[in-house]
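Trainee: The structure's right below; bear with me while I get my questions together.
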Amino acid sequence: MEEGIKILCVDDEQNVLNALRRLFLDNDYAIFSAASGQEGLNILAQEHAQIIISDYRMPGMNGVEFLKEVCKLRPDTVRIVLSGYADAAAIVSAVNEGQIYKFVPKPWNDDELRVTVANAVERYFLYKRNRELAAELQEKNEALTKLNSELEKLLEEKSSHLEFRSRVLATHQNILNSIPVGILGIDFNNTIVLYNSIWVDITGNNWYALGQNIDDSMPQDIINFIGEVRDKHKSAKSLEINGNYGRLLGALMDYEHNQQGIILAFICEEGISC
C-alpha cells in the first residue's frame, strides 16, 4: 500500500500557514505547521513528512538554512521555498545549499502551487522507487560477488571438468538475468562480452551480440557515454534507448586476472515500459 503524504509548512506568519492548510483541504494530505525553522526540525524528528514548504524570510533561521538542516535530517524529502520576488536572486544562488526542488514566489497562484506539490509528490515516489531498485541491485551485486568468489575456488579444484564450467556459466547468466535492470559488459577492445535478458528487451535485439564490436552497431550517444566512463571511471546519464526512458550508469572494471572492461546498467523510469 502506498504511503500517505505528509506536508510540513513552515512560516512565521500564521495567516500564511492557515492559507496553505486551506489550499490542500481537498487533497488527501496530512498537513503539519511550524512557526519557525527550529519548530519545523522538532516536528521532523517525530514525523516523516515527505514534502517541505518553507518561507525564506523568517527570524533566527531563514528558509535556506532550515532546508539545509532538513536535507541532513531527512534527505529523501522534496523541499520547496516560498518568498517574495525581492528575495529571488538570493534564493536562486542558495538553491544548491538546501538542494531545493522549487522556488515559488509570493503571492503564489493557488493552482500553480497545487501542481508544484503534486509534481513534488510524484518526484518523491519516483526517487523512492529508484532507491529501492538501487538497493536491490546492490544486494544482487553482493550475491554475485560472493558467488563469483566461491566459483573461483571451485574452478581451481575442478577446472578439468567442462560440464562443471558449463554449469558455472549458466549460473552466472541466470544471476545476470535476475538483476532487475539492463546489464551490458564490454572489454577494453570495445567487444561485447556479456549482457542479460533485460538489456536485450530494452535494446530491441538490435545491438547486443556477444563478440560484436560496439563501433559497428551501437548508437553514437552510447559510444560517447562509454568514452566518458573510460575517462572518468564512472558516469551516469538520463536518456532514451529504443523508446525506453531511464538512467544509464557506467563503471570501469580493472582488476587482476584479466577482469577488465566497462559495465553498463540501464534503469527504466517508473511507469515507463522496459
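In the C-alpha cells, chains take the letters A, B, ... in the order shown, each chain's residues start at 1, and ligands count up from 1 in the order shown.
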So that I can check the surroundings of range 57-59 of chain A, please list as number ranges by chain every protein, DNA and RNA residue that reaches within 8 Å of it, counting only C-alpha atoms and ignoring chain neighbours fewer than 2 positions away.

Mentor: A: 11-12, 36-37, 55, 61-63, 83

Trainee: Take the residues that were just selected and, keeping C-alpha atoms, output them as a PDB file, in the first residue's frame.

Mentor:
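And here's selection-v9.pdb as it stands now:
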```
ATOM      1  CA  ASP A  11       6.259  30.215   8.089  1.00  0.00           C
ATOM      2  CA  ASP A  12       6.395  32.768  10.884  1.00  0.00           C
ATOM      3  CA  SER A  36       9.965  28.689  12.829  1.00  0.00           C
ATOM      4  CA  GLY A  37      12.751  26.596  11.407  1.00  0.00           C
ATOM      5  CA  ASP A  55       9.132  30.609   3.794  1.00  0.00           C
ATOM      6  CA  MET A  61      16.860  30.596  10.877  1.00  0.00           C
ATOM      7  CA  ASN A  62      15.907  31.581   7.312  1.00  0.00           C
ATOM      8  CA  GLY A  63      14.323  29.180   4.852  1.00  0.00           C
ATOM      9  CA  SER A  83       9.255  34.048  -0.800  1.00  0.00           C
TER      10      SER A  83
END
```

Trainee: Near range 113-119 of chain A, counting only C-alpha atoms, which residues have an atom at most 9 Å away, once you skip same-chain residues fewer than 6 positions from it, shown as a compact mmCIF listing (two decimals) with C-alpha atoms, in the first residue's frame?

Mentor:
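Written out: out_27.txt:
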```txt
# COMPACT_ATOMS: atom_id res chain seq x y z
CA LEU A 23 -5.28 25.19 -0.06
CA PHE A 24 -4.89 21.44 0.44
CA ILE A 51 7.15 17.44 1.26
CA ILE A 80 10.06 23.99 -1.69
CA LYS A 102 11.36 24.60 -6.45
CA VAL A 104 7.60 29.63 -5.54
```

Trainee: For a quick check of understanding, using only C-alpha atoms, which of A:Asp254, A:Asp201, A:Glu132, A:Glu69 has the smallest distance to Asn242 in chain A?

Mentor: A:Asp201

Trainee: Measure the distance from CA of Leu147 in chain A to CA of Ala265 in chain A in Å and round it to one decimal.

Mentor: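 A separation of 19.7 Å between them.
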
Trainee: Which residue, A:Met218, A:Cys268, A:Leu248, A:Ala35, has the smallest gap to Arg129 in chain A when you use only C-alpha atoms?

Mentor: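 So, comparing all the options, the nearest one is A:Cys268.
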